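Next up, upload.cif (mmCIF, C-alpha atoms):
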data_data
#
loop_
_atom_site.label_atom_id
_atom_site.label_comp_id
_atom_site.auth_asym_id
_atom_site.auth_seq_id
_atom_site.Cartn_x
_atom_site.Cartn_y
_atom_site.Cartn_z
CA MET A 1009 5.21 75.49 5.67
CA GLY A 1010 3.36 74.48 8.81
CA SER A 1011 2.32 70.97 9.70
CA ASP A 1012 -0.48 69.54 11.81
CA VAL A 1013 1.78 66.65 12.74
CA ALA A 1014 3.92 67.35 15.80
CA GLU A 1015 7.58 66.71 15.26
CA ARG A 1016 8.99 63.84 17.28
CA PRO A 1017 11.61 64.89 19.81
CA VAL A 1018 15.15 63.94 18.89
CA ARG A 1019 16.18 60.85 20.84
CA ILE A 1020 19.73 61.14 22.07
CA PRO A 1021 21.17 57.62 22.35
CA SER A 1022 23.77 58.38 25.01
CA ASN A 1023 24.93 61.23 27.21
CA VAL A 1024 28.53 60.12 26.70
CA ALA A 1025 30.62 62.29 24.39
CA TRP A 1026 34.13 60.95 23.89
CA THR A 1027 36.09 64.08 24.67
CA ALA A 1028 39.62 63.96 26.05
CA GLU A 1029 38.20 64.81 29.46
CA THR A 1030 35.66 61.98 29.33
CA ILE A 1031 38.24 59.43 28.21
CA ASP A 1032 40.55 60.53 31.01
CA ARG A 1033 37.74 60.21 33.56
CA ALA A 1034 36.72 56.77 32.32
CA SER A 1035 40.34 55.59 32.28
CA SER A 1036 41.22 56.78 35.77
CA GLY A 1037 39.87 53.78 37.65
CA ASP A 1038 41.51 52.03 40.60
CA ALA A 1039 41.30 48.29 39.88
CA PHE A 1040 41.76 47.31 43.53
CA ARG A 1041 38.92 49.53 44.67
CA GLY A 1042 36.92 48.22 41.72
CA SER A 1043 37.48 44.65 42.91
CA LEU A 1044 35.81 45.53 46.22
CA ILE A 1045 32.87 47.24 44.56
CA GLY A 1046 32.64 44.41 42.04
CA ARG A 1047 31.91 41.82 44.70
CA ARG A 1048 28.23 42.75 44.38
CA CYS A 1049 28.48 41.88 40.67
CA ASP A 1050 29.72 38.32 41.27
CA ARG A 1051 26.26 36.80 41.61
CA CYS A 1052 25.33 37.57 38.00
CA HIS A 1053 28.64 38.13 36.20
CA GLY A 1054 30.67 35.48 38.03
CA ARG A 1055 33.63 35.71 40.40
CA GLU A 1056 36.02 35.55 37.47
CA GLY A 1057 34.01 37.82 35.18
CA PHE A 1058 32.33 34.89 33.41
CA SER A 1059 28.64 34.29 34.04
CA SER A 1060 27.08 30.88 34.62
CA SER A 1061 23.98 32.14 32.77
CA PRO A 1062 24.20 32.35 28.96
CA SER A 1063 21.85 35.35 28.99
CA VAL A 1064 24.20 37.44 31.17
CA PRO A 1065 27.25 39.12 29.61
CA ASN A 1066 30.80 38.11 30.45
CA LEU A 1067 32.83 41.12 31.58
CA ALA A 1068 36.34 39.69 31.95
CA ALA A 1069 38.85 41.69 29.85
CA MET A 1070 36.09 43.95 28.49
CA ASP A 1071 37.56 47.31 27.49
CA ARG A 1072 37.16 49.75 30.36
CA LEU A 1073 35.76 52.51 28.18
CA VAL A 1074 33.00 50.14 27.04
CA ILE A 1075 32.03 49.17 30.59
CA TRP A 1076 32.13 52.79 31.74
CA LYS A 1077 29.86 53.91 28.91
CA GLN A 1078 27.32 51.16 29.50
CA LEU A 1079 27.14 51.98 33.21
CA ASP A 1080 26.64 55.65 32.35
CA ASP A 1081 23.92 54.73 29.84
CA PHE A 1082 22.14 52.59 32.46
CA ARG A 1083 22.45 55.41 34.99
CA SER A 1084 20.98 57.99 32.60
CA GLY A 1085 18.25 55.65 31.37
CA LYS A 1086 19.62 55.62 27.83
CA ARG A 1087 19.91 51.84 28.16
CA SER A 1088 17.07 50.07 29.90
CA SER A 1089 17.34 47.24 32.42
CA HIS A 1090 15.31 46.80 35.60
CA ILE A 1091 18.32 45.04 37.13
CA MET A 1092 21.20 47.22 35.96
CA GLN A 1093 19.64 50.66 36.26
CA PRO A 1094 19.35 50.60 40.10
CA ILE A 1095 22.87 49.19 40.36
CA ALA A 1096 24.33 51.84 38.05
CA ASN A 1097 22.48 54.57 39.96
CA SER A 1098 24.16 53.41 43.16
CA LEU A 1099 27.59 54.00 41.62
CA SER A 1100 29.37 57.31 41.32
CA VAL A 1101 31.24 58.22 38.15
CA GLN A 1102 34.48 57.24 39.89
CA ASP A 1103 32.97 53.96 41.11
CA SER A 1104 32.14 53.13 37.50
CA ALA A 1105 35.71 53.86 36.43
CA ASP A 1106 37.02 51.65 39.24
CA VAL A 1107 34.75 48.72 38.35
CA ALA A 1108 35.63 49.11 34.67
CA ALA A 1109 39.35 49.02 35.50
CA TYR A 1110 38.87 45.88 37.56
CA TYR A 1111 37.08 43.88 34.86
CA TRP A 1112 39.39 45.25 32.17
CA MET A 1113 42.41 43.64 33.86
CA MET A 1114 40.80 40.24 34.48
CA PRO A 1115 42.20 37.27 32.51
CA ILE A 1116 39.97 35.23 30.21
CA GLU A 1117 41.62 31.86 30.72
CA PRO A 1118 39.44 29.20 32.39
CA ASP A 1119 39.80 29.05 36.16
CA PRO A 1120 38.75 26.17 38.45
CA ALA A 1121 36.77 28.67 40.53
CA ASP A 1122 34.51 29.88 37.74
CA GLU A 1123 31.32 28.29 36.48
CA ARG A 1124 31.21 29.92 33.07
CA ALA A 1125 28.52 29.16 30.52
CA PHE A 1126 30.93 30.07 27.71
CA PRO A 1127 31.42 28.48 25.25
CA GLN A 1128 28.08 27.12 24.10
CA PRO A 1129 27.71 24.71 21.16
CA ILE A 1130 26.43 25.80 17.75
CA SER A 1131 23.03 24.22 17.13
CA ASP A 1132 23.62 23.84 13.38
CA PRO A 1133 27.19 23.62 11.97
CA ARG A 1134 26.05 25.43 8.82
CA ARG A 1135 25.59 28.58 10.87
CA GLU A 1136 29.34 28.88 11.29
CA ALA A 1137 29.74 29.50 7.55
CA VAL A 1138 26.93 32.08 7.56
CA ALA A 1139 28.55 33.90 10.46
CA GLY A 1140 32.02 33.64 8.93
CA ARG A 1141 30.96 35.53 5.83
CA LEU A 1142 29.36 38.31 7.85
CA ILE A 1143 32.27 38.57 10.27
CA ASN A 1144 34.93 38.75 7.56
CA ALA A 1145 33.23 40.21 4.51
CA GLY A 1146 29.84 41.60 5.52
CA ASP A 1147 27.33 41.99 2.69
CA GLY A 1148 27.94 44.84 0.29
CA SER A 1149 24.58 44.39 -1.43
CA ARG A 1150 22.87 45.44 1.79
CA GLY A 1151 25.51 47.90 2.91
CA LEU A 1152 26.56 45.65 5.78
CA PRO A 1153 30.18 46.09 6.89
CA PRO A 1154 32.04 43.05 8.24
CA CYS A 1155 31.68 42.62 12.01
CA GLN A 1156 35.47 42.64 12.34
CA ALA A 1157 35.60 46.20 11.04
CA CYS A 1158 34.51 47.37 14.49
CA HIS A 1159 34.92 44.36 16.76
CA GLY A 1160 38.23 43.09 15.39
CA PRO A 1161 39.13 39.93 13.45
CA ILE A 1162 39.11 37.83 16.63
CA GLY A 1163 36.21 39.62 18.31
CA PHE A 1164 38.37 41.89 20.44
CA VAL A 1165 39.52 45.45 19.87
CA VAL A 1166 40.05 48.45 22.14
CA GLY A 1167 37.03 50.76 22.28
CA ALA A 1168 34.40 48.25 21.16
CA PRO A 1169 32.47 45.58 23.09
CA SER A 1170 34.43 42.34 23.17
CA LEU A 1171 32.68 39.47 21.40
CA ALA A 1172 35.51 36.95 21.59
CA THR A 1173 34.30 35.38 24.85
CA GLN A 1174 30.69 36.49 24.97
CA ASN A 1175 27.68 34.30 25.70
CA SER A 1176 25.54 33.43 22.68
CA THR A 1177 22.11 33.94 24.30
CA TYR A 1178 23.12 37.40 25.49
CA LEU A 1179 24.44 38.33 22.04
CA LEU A 1180 21.24 37.17 20.36
CA GLU A 1181 19.12 39.15 22.80
CA GLN A 1182 21.15 42.30 22.09
CA LEU A 1183 20.97 41.87 18.31
CA GLU A 1184 17.21 41.43 18.56
CA ALA A 1185 16.94 44.44 20.86
CA PHE A 1186 18.88 46.61 18.40
CA ALA A 1187 16.76 45.30 15.52
CA SER A 1188 13.51 46.15 17.32
CA GLY A 1189 14.81 49.47 18.59
CA SER A 1190 14.23 48.54 22.22
CA ARG A 1191 17.96 49.06 22.73
CA ALA A 1192 19.01 52.37 21.26
CA ASN A 1193 22.17 53.53 23.03
CA ASP A 1194 24.38 52.98 19.98
CA ILE A 1195 25.83 56.29 18.87
CA ASN A 1196 25.19 57.06 15.17
CA LEU A 1197 22.64 54.20 14.89
CA ARG A 1198 25.39 51.80 13.88
CA MET A 1199 24.13 48.62 15.52
CA ARG A 1200 20.46 49.38 14.94
CA SER A 1201 21.11 49.89 11.23
CA ILE A 1202 23.04 46.63 10.97
CA ALA A 1203 20.75 44.48 13.15
CA THR A 1204 17.61 45.48 11.26
CA GLN A 1205 19.24 44.34 7.99
CA LEU A 1206 20.13 40.90 9.35
CA THR A 1207 17.75 38.00 8.96
CA ASP A 1208 16.67 36.00 12.00
CA GLU A 1209 18.91 33.15 10.84
CA GLU A 1210 21.90 35.50 10.51
CA ARG A 1211 21.40 36.91 13.98
CA HIS A 1212 21.30 33.38 15.41
CA ALA A 1213 24.37 32.41 13.38
CA LEU A 1214 26.43 35.35 14.61
CA ALA A 1215 25.39 34.93 18.23
CA GLU A 1216 26.13 31.21 18.20
CA SER A 1217 29.43 31.59 16.37
CA TYR A 1218 30.83 34.14 18.78
CA GLY A 1219 29.27 32.27 21.70
CA ALA A 1220 31.03 29.07 20.66
CA GLY A 1221 34.39 30.83 20.58
CA VAL A 1222 34.98 30.13 16.91
CA ALA A 1223 35.37 33.73 15.72
CA GLN A 1224 39.13 33.28 15.50
CA SER A 1225 38.74 30.52 12.91
CA SER A 1226 35.90 32.17 10.98
CA SER A 1227 38.34 33.53 8.38
CA GLN A 1228 38.60 30.00 7.02
CA THR A 1229 34.82 29.70 6.56
CA GLY A 1230 34.29 33.21 5.24
CA LYS A 1231 36.48 32.91 2.17
#

Let me see whether you can do it: turn the structure in this file into structure tokens.
Amino acid sequence: MGSDVAERPVRIPSNVAWTAETIDRASSGDAFRGSLIGRRCDRCHGREGFSSSPSVPNLAAMDRLVIWKQLDDFRSGKRSSHIMQPIANSLSVQDSADVAAYYWMMPIEPDPADERAFPQPISDPRREAVAGRLINAGDGSRGLPPCQACHGPIGFVVGAPSLATQNSTYLLEQLEAFASGSRANDINLRMRSIATQLTDEERHALAESYGAGVAQSSSQTGK
């Protein structure tokens, strides 16, 4: 049957398809060359891959496939940022692989040269228990899987964004962006589906818990 209502075009969240060829391309970076290109990233992301601003992501030890995908999403406009889109557009596909390799190999231990914002304190200690339950067990009544199912029990796993050393303000902004749909580059709607189910308090609790570096001990609070 016909309809007077025009069908909405399908919104493709990302141009990245994880084929063997794509994975090989994203994994072929030269870390030394990436360190030279990455000098322009120091101002925001820090010389050691840790930002001094809690609203800017830390990139040290981030999985290279994750960084490569985000740069590609910025370049294609699938992820929006008036700062990152011009930068990503100035990089070739190989440049992106090189930068990703550079940050991937960076250590996360504190260094006298960095001015990292991480970790930030939790504003309310009760939020740690709220986050612990979501990280370890999720909420079956709402169909929410535990965060560790994708991001790992200590906030780090190959192939997913690292949360173990991420800034809390940045994490909160991303959860809110997924919840509102203003960020939509998650393949299969995974993060949008989860973020929209979380309450405002839960989003704050998760962001602050990971941002305080307490994800590794959350198993004790989530039981």

Under the PyMOL selection byres ((chain A and resi 1163-1165) around 10), which residues of this model are included? Write them out as a tab-separated table (two decimals) with C-alpha atoms, in the frame of the given file.
chain	number	residue	atom	x	y	z
A	1069	ALA	CA	38.85	41.69	29.85
A	1070	MET	CA	36.09	43.95	28.49
A	1071	ASP	CA	37.56	47.31	27.49
A	1143	ILE	CA	32.27	38.57	10.27
A	1155	CYS	CA	31.68	42.62	12.01
A	1156	GLN	CA	35.47	42.64	12.34
A	1157	ALA	CA	35.60	46.20	11.04
A	1158	CYS	CA	34.51	47.37	14.49
A	1159	HIS	CA	34.92	44.36	16.76
A	1160	GLY	CA	38.23	43.09	15.39
A	1161	PRO	CA	39.13	39.93	13.45
A	1162	ILE	CA	39.11	37.83	16.63
A	1166	VAL	CA	40.05	48.45	22.14
A	1167	GLY	CA	37.03	50.76	22.28
A	1168	ALA	CA	34.40	48.25	21.16
A	1169	PRO	CA	32.47	45.58	23.09
A	1170	SER	CA	34.43	42.34	23.17
A	1171	LEU	CA	32.68	39.47	21.40
A	1172	ALA	CA	35.51	36.95	21.59
A	1173	THR	CA	34.30	35.38	24.85
A	1174	GLN	CA	30.69	36.49	24.97
A	1218	TYR	CA	30.83	34.14	18.78
A	1221	GLY	CA	34.39	30.83	20.58
A	1222	VAL	CA	34.98	30.13	16.91
A	1223	ALA	CA	35.37	33.73	15.72
A	1224	GLN	CA	39.13	33.28	15.50

> Taking the file as shown, what set of residues would the PyMOL selection byres ((chain A and resi 1206-1216) around 6) give back, as a count of residues only?
Replying inline: 13

> Which of these, A:Val1107, A:Ala1121, A:Ala1034, A:Ala1096, has the shortest distance to Arg1047 in chain A once you count only C-alpha atoms?
Replying inline: A:Val1107

> If the PyMOL selection byres ((chain A and resi 1046) around 9) is run on the structure shown, which residues does it catch, given as a list in words?
Replying inline: Arg1041, Gly1042, Ser1043, Leu1044, Ile1045, Arg1047, Arg1048, Cys1049, Asp1050, Arg1055, Asp1106, Val1107, Tyr1110 and Tyr1111 of chain A

> What's the 9 Å shell around Ala1109 in chain A, counting all atoms listed in the file, without same-chain residues fewer than 3 positions away, as a PyMOL selection string?
Replying inline: chain A and resi 1034-1040+1042-1043+1071-1073+1075-1076+1104-1106+1112-1114

>> Report, in Å with one decimal, the straight-line distance from CA of Ala1137 in chain A to CA of Ser1063 in chain A.
In response: 23.6 Å

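If you measure from each of A:Asn1175, A:Gln1093, A:Gln1102, A:Ser1084 to Arg1033 in chain A using all atoms listed in the file, the closest one turns out to be A:Gln1102.
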
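Take CA of Pro1129 in chain A and CA of Pro1153 in chain A: the distance between them is 25.8 Å.
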
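CA of Leu1197 in chain A is positioned 22.4 Å from CA of Arg1141 in chain A.
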
Since fewer atoms than expected are present, regenerate N, CA and C atoms for range 1161-1188 of chain A and write them as a CSV table (one decimal), keeping the file's coordinate frame.
chain,number,residue,atom,x,y,z
A,1161,PRO,N,39.2,41.2,14.1
A,1161,PRO,CA,39.1,39.9,13.4
A,1161,PRO,C,39.0,38.7,14.4
A,1162,ILE,N,39.3,38.9,15.7
A,1162,ILE,CA,39.1,37.8,16.6
A,1162,ILE,C,38.1,38.2,17.7
A,1163,GLY,N,37.3,39.2,17.4
A,1163,GLY,CA,36.2,39.6,18.3
A,1163,GLY,C,36.7,40.5,19.5
A,1164,PHE,N,37.9,41.0,19.4
A,1164,PHE,CA,38.4,41.9,20.4
A,1164,PHE,C,39.2,43.1,19.9
A,1165,VAL,N,38.8,44.3,20.3
A,1165,VAL,CA,39.5,45.4,19.9
A,1165,VAL,C,39.2,46.5,20.9
A,1166,VAL,N,40.2,47.4,21.2
A,1166,VAL,CA,40.0,48.4,22.1
A,1166,VAL,C,39.0,49.4,21.7
A,1167,GLY,N,38.1,49.8,22.6
A,1167,GLY,CA,37.0,50.8,22.3
A,1167,GLY,C,35.7,50.2,21.8
A,1168,ALA,N,35.6,48.9,21.6
A,1168,ALA,CA,34.4,48.2,21.2
A,1168,ALA,C,34.1,47.1,22.1
A,1169,PRO,N,32.8,46.7,22.3
A,1169,PRO,CA,32.5,45.6,23.1
A,1169,PRO,C,33.2,44.3,22.6
A,1170,SER,N,33.8,43.6,23.5
A,1170,SER,CA,34.4,42.3,23.2
A,1170,SER,C,33.4,41.3,22.9
A,1171,LEU,N,33.6,40.6,21.8
A,1171,LEU,CA,32.7,39.5,21.4
A,1171,LEU,C,33.4,38.1,21.5
A,1172,ALA,N,34.7,38.2,21.7
A,1172,ALA,CA,35.5,37.0,21.6
A,1172,ALA,C,35.1,35.9,22.6
A,1173,THR,N,34.7,36.3,23.8
A,1173,THR,CA,34.3,35.4,24.8
A,1173,THR,C,32.9,35.7,25.4
A,1174,GLN,N,32.0,36.1,24.5
A,1174,GLN,CA,30.7,36.5,25.0
A,1174,GLN,C,29.7,35.4,24.8
A,1175,ASN,N,28.7,35.3,25.7
A,1175,ASN,CA,27.7,34.3,25.7
A,1175,ASN,C,26.7,34.5,24.5
A,1176,SER,N,26.4,33.4,23.9
A,1176,SER,CA,25.5,33.4,22.7
A,1176,SER,C,24.1,33.9,22.9
A,1177,THR,N,23.5,33.5,24.0
A,1177,THR,CA,22.1,33.9,24.3
A,1177,THR,C,22.1,35.4,24.5
A,1178,TYR,N,23.1,36.0,25.3
A,1178,TYR,CA,23.1,37.4,25.5
A,1178,TYR,C,23.3,38.1,24.2
A,1179,LEU,N,24.2,37.7,23.3
A,1179,LEU,CA,24.4,38.3,22.0
A,1179,LEU,C,23.2,38.3,21.2
A,1180,LEU,N,22.5,37.2,21.1
A,1180,LEU,CA,21.2,37.2,20.4
A,1180,LEU,C,20.2,38.2,20.9
A,1181,GLU,N,20.1,38.2,22.2
A,1181,GLU,CA,19.1,39.2,22.8
A,1181,GLU,C,19.5,40.6,22.4
A,1182,GLN,N,20.7,40.9,22.4
A,1182,GLN,CA,21.2,42.3,22.1
A,1182,GLN,C,20.9,42.6,20.6
A,1183,LEU,N,21.2,41.7,19.7
A,1183,LEU,CA,21.0,41.9,18.3
A,1183,LEU,C,19.5,42.1,18.1
A,1184,GLU,N,18.7,41.3,18.7
A,1184,GLU,CA,17.2,41.4,18.6
A,1184,GLU,C,16.7,42.7,19.2
A,1185,ALA,N,17.3,43.2,20.3
A,1185,ALA,CA,16.9,44.4,20.9
A,1185,ALA,C,17.3,45.6,20.0
A,1186,PHE,N,18.5,45.6,19.3
A,1186,PHE,CA,18.9,46.6,18.4
A,1186,PHE,C,18.0,46.6,17.2
A,1187,ALA,N,17.6,45.4,16.7
A,1187,ALA,CA,16.8,45.3,15.5
A,1187,ALA,C,15.4,45.9,15.8
A,1188,SER,N,14.8,45.7,17.0
A,1188,SER,CA,13.5,46.2,17.3
A,1188,SER,C,13.5,47.6,17.8
